[in-house]
Amino acid sequence: MERLAQIALNTTVAASTPTPSHPLDPLSPQEIKLVADLVKTKYSGKSVNFNTITLREPIKRAYYDWKERGGAFPPRLAYFVIVLEGDEGTQEGIADIRNQSLIEIKQVKGVHPMLTPSDLRHTEEVIRKDPGVIKQCVLSGVPADRMHEIYCDAWTIGYDERWGGSRRLQQALMYWRSHEDDSQYSHPLDFCPVVDLNELKVIHIDIPDRRRKVSRHPHSSFHPKHIAEKFGTKQNPSGYRQNDDFPINVTQPEGVSFNMDGHVMNWQNFQFHIGFNYREGIVLSDITINDHGKVRPLFHRISLSEMIVPYGCPDFPHQRKHALDIGEYGAGYCTNPLSLGCDCKGVIHYLDAHFVESTGAPTTVRNAVCIHEEDDGLLFKHSDFRDDFQTNVTTRGKKLIISQIFTAANYEYCIYWILRQDGSIKLEIRLTGILNTYICGDDEDTGAWGTQVYPNVNAHNHQHLFSLRMHPRIDGDNNSAATSDAKTSPYPTGSAQNKYGNGFYCEKTTYKTVKDSITDFDSRTGRTWDMFNPSSVHPYSGKPATYKLWSTFCPPVLAQEGSLVRKRAPWSVNTTQVLPYTDDDYGYGRLYPSGDFPTQWSGDEPQGMRKWLNEEMDAPIENTDIVFFHTFGITHFPAPEDFPVMPTEIFELQLRPRNLFRENPVLDVKPSFASTTSEVKAGVKGEACLKKDTSSRYAFSDNSCCH
Ligand code: ABN
Ligand code: CU
């Protein structure tokens, strides 16, 4: 590691770098440029490929010294990754923005940085010109003069033992697209070139023993113009969906009921910071809730820290398809610009995201984060059967949604962080986009490993698994974690303790050490997990203030022991792992459970979760500062309904306060309707439509909404 004497910049750059208002605010374009200029100055005369420039968030203590203890604004640090031509390879470092200096740089040996969008784009140009690839295209049935119709999805190679980590490699998943407006996924090719990203050349082509000619079935597309050709239009109806064009609009006549001060959100009783980075995408930090005047900390930081999409076809080279989409490509780098009234409806506040381009220039994705409210259905209700339900209180809720959508080549991941008025936090993921496809010969059976979703199109079985990293701070820094299992009474029917046999209870198992925290979902006991503060005890229940993780989409990873998948995603093997929080001078430890540099990692030498578990298996995690990792997701056996584009598949989890509030925390939300028994008896109209929604009406008559 090189500790650096200060590299100063000229004062014009300095003057144009405003100080952010909050220590967790993502780097501004000016700050990114400043760091790039510092690095360029240090390496003047060399070719520098910028991979990452991002905020190095202040460590927890420094942050709360500033936030809660009147301390100084923490150092404003940036973390960067660059690739230098030649032997020096991948370098990472820290820059001090306020002092305009590089603090340290180190060469990270034997690793490769994540692939940036520009890295991915180069590969298509390379393969189109390669004589070996052209030959294979011709053999597949695409003439050499149609190479402009050849496309590839460039993926990291995952890990291939033939080259190991010695070169920076991509695998090119090959397709033919007859017209640029078509979707290529209905025309996969059967071979797979391997491209060296530094040399920009094809170094090998994996060719299967069984050859398959490209399909001559029409492309299956989903663009409206193709759909109109296929199914007709309103003018030319042939089974066209009827009455599908009546809009459902959202009206928020008085605007939003949230307030944003820079990146700090105030909504209902919540306050928190909304961050965004190249890798995890949205990061929610310093989440607190105002409990009738008392501000209570809940979570220090929550983010999606890694994911893996392992495919289940064991035939070479499909084992290489197991994308670590967050660590290898970045949920930030792959994020979409969102459009008003389309990705989200209503009154929207957007945040832009800023990254670095390979040249060192800042680049911006406009409207990367969408923030808006939606109606949340009923928040609570009760009516009295004694007067035919006239006595009732009906309270509707609203929810705050912070969302982003990222495209991982073929798939779209729509990420919705949803806060509810009762203090719960939901994470909903909608999976859409296109199946990853491989060619299926005319007389070929896809066997157990995939499904023919269209003629000559095999979509392999796969999983989408995420690692959610939660750093709880419930009523303070010292928290514990536990599993909660619904259990029948241990005493048999007829015994003194359980005479009628109906007894059941919640068994809570608090983790003493990291080893205890390695657990799996169990649907038979309705397993949930608790993060709690053992010192903050509820006056009625005598139980500790808790956030309960309710998560049922928890399939076990299906790749076997010894597989690349398990080695490279050690976190996916179990549903939970809890570790002590650590940091160092320059930031948090234990952020990324497949390691800081998972690209082309063999999974052999320990990094990420495997390293942490090796080091910390017996570490105490009770009543201390902990980070909680949770694996969740779905197993996807493709079907024709998922093609040519997949209707959103939804999976979700929730964090719910338990024994944290004295009583129902939304009692003070104004009801939509309230009528007491005495009012009903006296014939007094209840407080009907307290918050009248004047846009609601009967569908087939013009009566007003309330009567
Ligand atoms: N799913 C693999 C991937 C993600 C992003 C970009 C290319 C490939
Ligand atoms: Cu899928």
# chains A, B, ... in the order shown; residues from 1 in each chain; ligands from 1
>>> residues_around(residues="Tyr64 (chain A)", least_positions_apart="5", cutoff="10 Å", atoms="only C-alpha atoms", output="ChimeraX atom specification")
/A:58-59,69-74,286,300
>>> write_last_selection(atoms="C-alpha atoms", output="CSV table (one decimal), in the first residue's frame")
chain,number,residue,atom,x,y,z
A,58,PRO,CA,-17.9,7.7,7.1
A,59,ILE,CA,-17.6,5.1,9.8
A,69,ARG,CA,-22.9,14.4,19.7
A,70,GLY,CA,-22.2,17.8,18.2
A,71,GLY,CA,-18.9,16.6,16.6
A,72,ALA,CA,-17.3,17.7,13.4
A,73,PHE,CA,-18.5,16.9,9.9
A,74,PRO,CA,-16.8,13.6,9.2
A,286,ASP,CA,-29.9,6.5,9.7
A,300,HIS,CA,-28.1,2.5,10.7
>>> residues_near_ligand(ligand="ligand 1", cutoff="7 Å", atoms="only C-alpha atoms and all ligand atoms", output="JSON, numbers by chain")
{"A": [120, 153, 154, 155, 323, 325, 329, 334, 407, 408, 409, 410]}
>>> residues_near_ligand(ligand="ligand 2", cutoff="9 Å", atoms="only C-alpha atoms and all ligand atoms", output="MDAnalysis selection string")
chainID A and resid 309 411 431:432 434:436 461:464 634:638 642 646 649
>>> residues_around(residues="Thr116 (chain A)", least_positions_apart="3", cutoff="9 Å", atoms="only C-alpha atoms", output="PyMOL selection string")
chain A and resi 51-52+113+119-121+328-330+333-334+357-358
>>> residues_around(residues="Asp291 (chain A)", least_positions_apart="2", cutoff="9 Å", atoms="only C-alpha atoms", output="ChimeraX atom specification")
/A:269,289,293-296,661,665
>>> write_last_selection(atoms="N, CA, C and O atoms", output="mmCIF file, in the first residue's frame")
data_model
loop_
_atom_site.group_PDB
_atom_site.id
_atom_site.type_symbol
_atom_site.label_atom_id
_atom_site.label_comp_id
_atom_site.auth_asym_id
_atom_site.auth_seq_id
_atom_site.Cartn_x
_atom_site.Cartn_y
_atom_site.Cartn_z
ATOM 1 N N ASN A 269 -43.699 9.673 10.573
ATOM 2 C CA ASN A 269 -42.796 9.794 11.719
ATOM 3 C C ASN A 269 -41.375 9.346 11.408
ATOM 4 O O ASN A 269 -40.519 9.344 12.282
ATOM 5 N N ILE A 289 -37.411 6.950 13.917
ATOM 6 C CA ILE A 289 -38.849 7.214 13.952
ATOM 7 C C ILE A 289 -39.164 8.090 15.150
ATOM 8 O O ILE A 289 -38.575 7.918 16.228
ATOM 9 N N GLY A 293 -42.728 12.297 19.999
ATOM 10 C CA GLY A 293 -41.771 13.285 20.500
ATOM 11 C C GLY A 293 -40.400 12.714 20.793
ATOM 12 O O GLY A 293 -39.436 13.459 20.917
ATOM 13 N N LYS A 294 -40.305 11.389 20.873
ATOM 14 C CA LYS A 294 -38.986 10.810 21.148
ATOM 15 C C LYS A 294 -38.445 10.213 19.843
ATOM 16 O O LYS A 294 -39.089 9.345 19.243
ATOM 17 N N VAL A 295 -37.281 10.717 19.418
ATOM 18 C CA VAL A 295 -36.704 10.190 18.176
ATOM 19 C C VAL A 295 -35.937 8.913 18.504
ATOM 20 O O VAL A 295 -34.995 8.924 19.290
ATOM 21 N N ARG A 296 -36.374 7.814 17.898
ATOM 22 C CA ARG A 296 -35.774 6.511 18.217
ATOM 23 C C ARG A 296 -35.030 5.966 16.994
ATOM 24 O O ARG A 296 -35.623 5.826 15.916
ATOM 25 N N PHE A 661 -43.448 -0.089 19.900
ATOM 26 C CA PHE A 661 -44.361 1.004 20.239
ATOM 27 C C PHE A 661 -45.277 0.556 21.367
ATOM 28 O O PHE A 661 -45.607 -0.622 21.494
ATOM 29 N N PRO A 665 -49.291 2.108 16.473
ATOM 30 C CA PRO A 665 -48.649 3.400 16.241
ATOM 31 C C PRO A 665 -49.378 4.290 15.244
ATOM 32 O O PRO A 665 -48.944 5.422 15.013
#
>>> residues_around(residues="Ser47 (chain A)", least_positions_apart="4", cutoff="12 Å", atoms="only C-alpha atoms", output="PyMOL selection string")
chain A and resi 39-43+82-86+88-89+358-360
>>> write_last_selection(atoms="all heavy atoms", output="short mmCIF file (atom, residue, chain, number, x, y, z; two decimals), in the first residue's frame")
data_model
loop_
_atom_site.label_atom_id
_atom_site.label_comp_id
_atom_site.auth_asym_id
_atom_site.auth_seq_id
_atom_site.Cartn_x
_atom_site.Cartn_y
_atom_site.Cartn_z
N VAL A 39 -6.22 11.58 -9.45
CA VAL A 39 -5.64 10.30 -9.90
C VAL A 39 -4.85 10.51 -11.19
O VAL A 39 -3.73 9.99 -11.36
CB VAL A 39 -6.75 9.24 -10.08
CG1 VAL A 39 -6.21 7.97 -10.71
CG2 VAL A 39 -7.41 8.93 -8.75
N LYS A 40 -5.42 11.31 -12.08
CA LYS A 40 -4.72 11.55 -13.36
C LYS A 40 -3.39 12.25 -13.11
O LYS A 40 -2.39 11.95 -13.77
CB LYS A 40 -5.59 12.43 -14.27
CG LYS A 40 -6.69 11.66 -14.97
CD LYS A 40 -7.45 12.61 -15.88
CE LYS A 40 -8.72 12.00 -16.38
NZ LYS A 40 -9.64 13.02 -16.91
N THR A 41 -3.39 13.18 -12.16
CA THR A 41 -2.14 13.89 -11.84
C THR A 41 -1.11 12.89 -11.32
O THR A 41 0.05 12.91 -11.72
CB THR A 41 -2.41 14.97 -10.76
OG1 THR A 41 -3.49 15.76 -11.21
CG2 THR A 41 -1.20 15.83 -10.51
N LYS A 42 -1.56 12.01 -10.48
CA LYS A 42 -0.64 11.02 -9.90
C LYS A 42 -0.06 10.11 -10.99
O LYS A 42 1.10 9.73 -10.95
CB LYS A 42 -1.42 10.21 -8.84
CG LYS A 42 -0.92 8.83 -8.56
CD LYS A 42 0.06 8.79 -7.42
CE LYS A 42 0.59 7.39 -7.18
NZ LYS A 42 1.96 7.33 -6.83
N TYR A 43 -0.90 9.76 -11.97
CA TYR A 43 -0.43 8.83 -13.01
C TYR A 43 -0.22 9.52 -14.35
O TYR A 43 -0.43 8.91 -15.39
CB TYR A 43 -1.44 7.68 -13.15
CG TYR A 43 -1.44 6.76 -11.96
CD1 TYR A 43 -2.50 6.75 -11.07
CD2 TYR A 43 -0.34 5.94 -11.71
CE1 TYR A 43 -2.48 5.93 -9.96
CE2 TYR A 43 -0.31 5.11 -10.59
CZ TYR A 43 -1.39 5.11 -9.72
OH TYR A 43 -1.36 4.30 -8.63
N ILE A 82 -9.18 1.82 -10.21
CA ILE A 82 -8.75 2.11 -11.58
C ILE A 82 -8.00 0.89 -12.11
O ILE A 82 -7.55 0.05 -11.34
CB ILE A 82 -7.81 3.35 -11.63
CG1 ILE A 82 -6.62 3.15 -10.67
CG2 ILE A 82 -8.57 4.62 -11.29
CD1 ILE A 82 -5.55 4.21 -10.83
N VAL A 83 -7.93 0.82 -13.43
CA VAL A 83 -7.10 -0.23 -14.03
C VAL A 83 -6.02 0.49 -14.82
O VAL A 83 -6.31 1.33 -15.68
CB VAL A 83 -7.92 -1.15 -14.96
CG1 VAL A 83 -7.04 -2.26 -15.51
CG2 VAL A 83 -9.11 -1.75 -14.22
N LEU A 84 -4.76 0.17 -14.49
CA LEU A 84 -3.63 0.79 -15.19
C LEU A 84 -3.13 -0.20 -16.22
O LEU A 84 -3.11 -1.41 -15.98
CB LEU A 84 -2.50 1.09 -14.20
CG LEU A 84 -2.72 2.24 -13.23
CD1 LEU A 84 -1.53 2.36 -12.31
CD2 LEU A 84 -2.94 3.54 -13.97
N GLU A 85 -2.71 0.34 -17.33
CA GLU A 85 -2.15 -0.53 -18.37
C GLU A 85 -0.92 -1.25 -17.83
O GLU A 85 -0.17 -0.68 -17.04
CB GLU A 85 -1.72 0.35 -19.54
CG GLU A 85 -2.48 0.02 -20.79
CD GLU A 85 -2.11 1.01 -21.89
OE1 GLU A 85 -1.08 1.70 -21.76
OE2 GLU A 85 -2.87 1.09 -22.82
N GLY A 86 -0.74 -2.48 -18.25
CA GLY A 86 0.49 -3.19 -17.88
C GLY A 86 0.34 -3.92 -16.57
O GLY A 86 -0.76 -4.22 -16.12
N GLU A 88 0.62 -3.21 -13.51
CA GLU A 88 0.09 -2.65 -12.27
C GLU A 88 -1.38 -2.99 -12.05
O GLU A 88 -1.85 -2.97 -10.92
CB GLU A 88 0.32 -1.14 -12.25
CG GLU A 88 1.78 -0.81 -12.08
CD GLU A 88 2.06 0.64 -12.45
OE1 GLU A 88 1.94 0.98 -13.63
OE2 GLU A 88 2.35 1.42 -11.55
N GLY A 89 -2.09 -3.31 -13.11
CA GLY A 89 -3.45 -3.85 -13.01
C GLY A 89 -4.39 -3.03 -12.15
O GLY A 89 -4.44 -1.80 -12.23
N SER A 358 -15.09 5.74 -17.98
CA SER A 358 -13.73 5.18 -18.00
C SER A 358 -12.66 6.25 -18.19
O SER A 358 -11.53 6.12 -17.75
CB SER A 358 -13.62 4.11 -19.08
OG SER A 358 -13.99 4.66 -20.32
N THR A 359 -13.04 7.37 -18.81
CA THR A 359 -12.09 8.46 -19.04
C THR A 359 -11.84 9.29 -17.79
O THR A 359 -10.95 10.13 -17.76
CB THR A 359 -12.66 9.43 -20.09
OG1 THR A 359 -13.95 9.87 -19.58
CG2 THR A 359 -12.84 8.76 -21.43
N GLY A 360 -12.67 9.14 -16.78
CA GLY A 360 -12.57 9.97 -15.58
C GLY A 360 -13.62 11.08 -15.56
O GLY A 360 -13.77 11.77 -14.55
#
>>> closest_residue(among="A:Val133, A:Arg128, A:His187, A:Glu149", to="His204 (chain A)", atoms="only C-alpha atoms")
A:Val133
>>> closest_residue(among="A:Asp693, A:Asp596, A:Asp387, A:Asp668", to="Val81 (chain A)", atoms="only C-alpha atoms")
A:Asp596
>>> residues_around(residues="Pro131 (chain A)", least_positions_apart="6", cutoff="10 Å", atoms="only C-alpha atoms", output="number ranges by chain")
A: 137, 144, 202
>>> atom_distance(atom1="CA of Ala481 (chain A)", atom2="CA of His292 (chain A)")
26.4 Å
>>> select_by_dssp(residues="region 273-349 of chain A", states="helix (DSSP H, G or I)", output="PyMOL selection string")
chain A and resi 318-320+325-329
>>> write_last_selection(atoms="N, CA, C and O atoms", output="tab-separated table (two decimals), in the first residue's frame")
chain	number	residue	atom	x	y	z
A	318	HIS	N	-22.44	-23.93	-19.61
A	318	HIS	CA	-23.52	-23.19	-18.95
A	318	HIS	C	-23.31	-23.05	-17.45
A	318	HIS	O	-23.96	-22.23	-16.81
A	319	GLN	N	-22.40	-23.86	-16.89
A	319	GLN	CA	-22.11	-23.70	-15.45
A	319	GLN	C	-21.55	-22.30	-15.18
A	319	GLN	O	-21.58	-21.82	-14.05
A	320	ARG	N	-21.03	-21.66	-16.24
A	320	ARG	CA	-20.46	-20.31	-16.04
A	320	ARG	C	-21.54	-19.25	-15.87
A	320	ARG	O	-21.25	-18.12	-15.51
A	325	ASP	N	-24.84	-10.19	-9.94
A	325	ASP	CA	-25.17	-8.95	-10.65
A	325	ASP	C	-24.82	-7.68	-9.89
A	325	ASP	O	-24.55	-6.66	-10.50
A	326	ILE	N	-24.82	-7.74	-8.57
A	326	ILE	CA	-24.49	-6.52	-7.81
A	326	ILE	C	-22.97	-6.34	-7.75
A	326	ILE	O	-22.45	-5.25	-8.02
A	327	GLY	N	-22.24	-7.41	-7.44
A	327	GLY	CA	-20.80	-7.28	-7.28
A	327	GLY	C	-20.03	-7.28	-8.60
A	327	GLY	O	-18.94	-6.73	-8.68
A	328	GLU	N	-20.58	-7.90	-9.63
A	328	GLU	CA	-19.84	-7.98	-10.89
A	328	GLU	C	-20.25	-6.90	-11.89
A	328	GLU	O	-19.49	-6.58	-12.80
A	329	TYR	N	-21.49	-6.37	-11.74
A	329	TYR	CA	-21.97	-5.39	-12.72
A	329	TYR	C	-22.49	-4.11	-12.07
A	329	TYR	O	-22.44	-3.05	-12.67
>>> atom_distance(atom1="CA of Ile207 (chain A)", atom2="CA of Asp130 (chain A)")
15.2 Å
>>> atom_distance(atom1="CA of Leu351 (chain A)", atom2="CA of Val645 (chain A)")
28.0 Å
>>> select_by_dssp(residues="region 475-573 of chain A", states="strand (DSSP E or B)", output="tab-separated table (two decimals) with N, CA and C atoms, in the first residue's frame")
chain	number	residue	atom	x	y	z
A	479	ASN	N	-27.45	-4.36	19.87
A	479	ASN	CA	-28.63	-5.14	19.49
A	479	ASN	C	-28.29	-6.63	19.50
A	480	SER	N	-29.33	-7.44	19.46
A	480	SER	CA	-29.17	-8.89	19.38
A	480	SER	C	-30.04	-9.40	18.24
A	481	ALA	N	-29.87	-10.68	17.92
A	481	ALA	CA	-30.71	-11.28	16.87
A	481	ALA	C	-31.14	-12.67	17.32
A	482	ALA	N	-32.26	-13.12	16.75
A	482	ALA	CA	-32.83	-14.40	17.17
A	482	ALA	C	-33.71	-14.97	16.07
A	483	THR	N	-33.96	-16.27	16.15
A	483	THR	CA	-35.01	-16.85	15.31
A	483	THR	C	-36.26	-17.00	16.17
A	484	SER	N	-37.42	-16.85	15.55
A	484	SER	CA	-38.69	-17.10	16.22
A	484	SER	C	-39.40	-18.21	15.47
A	485	ASP	N	-39.74	-19.28	16.17
A	485	ASP	CA	-40.40	-20.41	15.54
A	485	ASP	C	-41.71	-20.70	16.25
A	486	ALA	N	-42.76	-20.90	15.48
A	486	ALA	CA	-44.04	-21.29	16.07
A	486	ALA	C	-43.97	-22.79	16.39
A	487	LYS	N	-44.15	-23.12	17.65
A	487	LYS	CA	-43.98	-24.52	18.08
A	487	LYS	C	-45.22	-24.98	18.83
A	488	THR	N	-45.54	-26.27	18.67
A	488	THR	CA	-46.60	-26.82	19.51
A	488	THR	C	-46.02	-27.10	20.90
A	495	SER	N	-51.51	-34.28	29.30
A	495	SER	CA	-50.58	-33.96	30.39
A	495	SER	C	-51.15	-32.79	31.18
A	498	ASN	N	-50.77	-29.54	29.31
A	498	ASN	CA	-51.39	-29.36	28.00
A	498	ASN	C	-52.53	-30.36	27.86
A	504	PHE	N	-49.70	-23.94	21.98
A	504	PHE	CA	-48.56	-23.62	21.10
A	504	PHE	C	-47.98	-22.29	21.53
A	505	TYR	N	-46.77	-22.05	21.10
A	505	TYR	CA	-46.06	-20.86	21.59
A	505	TYR	C	-44.98	-20.47	20.58
A	506	CYS	N	-44.38	-19.32	20.86
A	506	CYS	CA	-43.29	-18.83	20.01
A	506	CYS	C	-41.96	-19.12	20.69
A	507	GLU	N	-41.14	-19.91	20.02
A	507	GLU	CA	-39.84	-20.23	20.60
A	507	GLU	C	-38.80	-19.27	20.02
A	508	LYS	N	-38.21	-18.51	20.91
A	508	LYS	CA	-37.23	-17.52	20.45
A	508	LYS	C	-35.84	-18.01	20.82
A	509	THR	N	-34.97	-18.09	19.83
A	509	THR	CA	-33.60	-18.57	20.09
A	509	THR	C	-32.63	-17.44	19.78
A	510	THR	N	-32.09	-16.87	20.82
A	510	THR	CA	-31.18	-15.74	20.64
A	510	THR	C	-29.79	-16.26	20.30
A	513	THR	N	-23.41	-16.59	19.42
A	513	THR	CA	-22.22	-16.42	18.57
A	513	THR	C	-22.66	-16.44	17.11
A	519	THR	N	-28.71	-19.78	9.93
A	519	THR	CA	-29.98	-20.51	9.99
A	519	THR	C	-30.62	-20.57	8.60
A	528	THR	N	-39.44	-16.72	11.56
A	528	THR	CA	-39.12	-15.31	11.33
A	528	THR	C	-37.85	-15.02	12.13
A	529	TRP	N	-37.29	-13.83	11.90
A	529	TRP	CA	-36.05	-13.48	12.60
A	529	TRP	C	-36.22	-12.12	13.28
A	530	ASP	N	-35.66	-12.00	14.46
A	530	ASP	CA	-35.80	-10.77	15.22
A	530	ASP	C	-34.46	-10.06	15.35
A	531	MET	N	-34.50	-8.73	15.20
A	531	MET	CA	-33.37	-7.89	15.60
A	531	MET	C	-33.92	-7.06	16.75
A	532	PHE	N	-33.25	-7.03	17.86
A	532	PHE	CA	-33.86	-6.37	19.02
A	532	PHE	C	-32.82	-5.77	19.95
A	533	ASN	N	-33.32	-4.85	20.77
A	533	ASN	CA	-32.47	-4.25	21.78
A	533	ASN	C	-32.86	-4.84	23.14
A	534	PRO	N	-32.00	-5.70	23.70
A	534	PRO	CA	-32.40	-6.39	24.94
A	534	PRO	C	-32.59	-5.42	26.11
A	535	SER	N	-32.04	-4.20	25.98
A	535	SER	CA	-32.17	-3.26	27.10
A	535	SER	C	-33.39	-2.36	26.98
A	536	SER	N	-34.08	-2.45	25.87
A	536	SER	CA	-35.24	-1.58	25.69
A	536	SER	C	-36.50	-2.44	25.77
A	537	VAL	N	-37.06	-2.52	26.98
A	537	VAL	CA	-38.10	-3.51	27.24
A	537	VAL	C	-39.48	-2.85	27.26
A	544	PRO	N	-38.40	-7.24	24.42
A	544	PRO	CA	-37.53	-6.17	23.94
A	544	PRO	C	-38.03	-5.54	22.63
A	545	ALA	N	-37.69	-4.27	22.45
A	545	ALA	CA	-38.03	-3.55	21.22
A	545	ALA	C	-37.37	-4.26	20.04
A	546	THR	N	-38.22	-4.64	19.08
A	546	THR	CA	-37.77	-5.57	18.04
A	546	THR	C	-38.19	-5.09	16.66
A	547	TYR	N	-37.36	-5.37	15.66
A	547	TYR	CA	-37.83	-5.39	14.27
A	547	TYR	C	-37.78	-6.83	13.82
A	548	LYS	N	-38.93	-7.30	13.37
A	548	LYS	CA	-39.03	-8.70	12.96
A	548	LYS	C	-38.91	-8.80	11.45
A	549	LEU	N	-38.04	-9.66	11.00
A	549	LEU	CA	-37.89	-9.91	9.56
A	549	LEU	C	-38.85	-11.03	9.17
A	550	TRP	N	-39.80	-10.68	8.33
A	550	TRP	CA	-40.80	-11.62	7.84
A	550	TRP	C	-40.46	-11.90	6.40
A	551	SER	N	-39.97	-13.05	6.11
A	551	SER	CA	-39.50	-13.30	4.75
A	551	SER	C	-39.73	-14.76	4.43
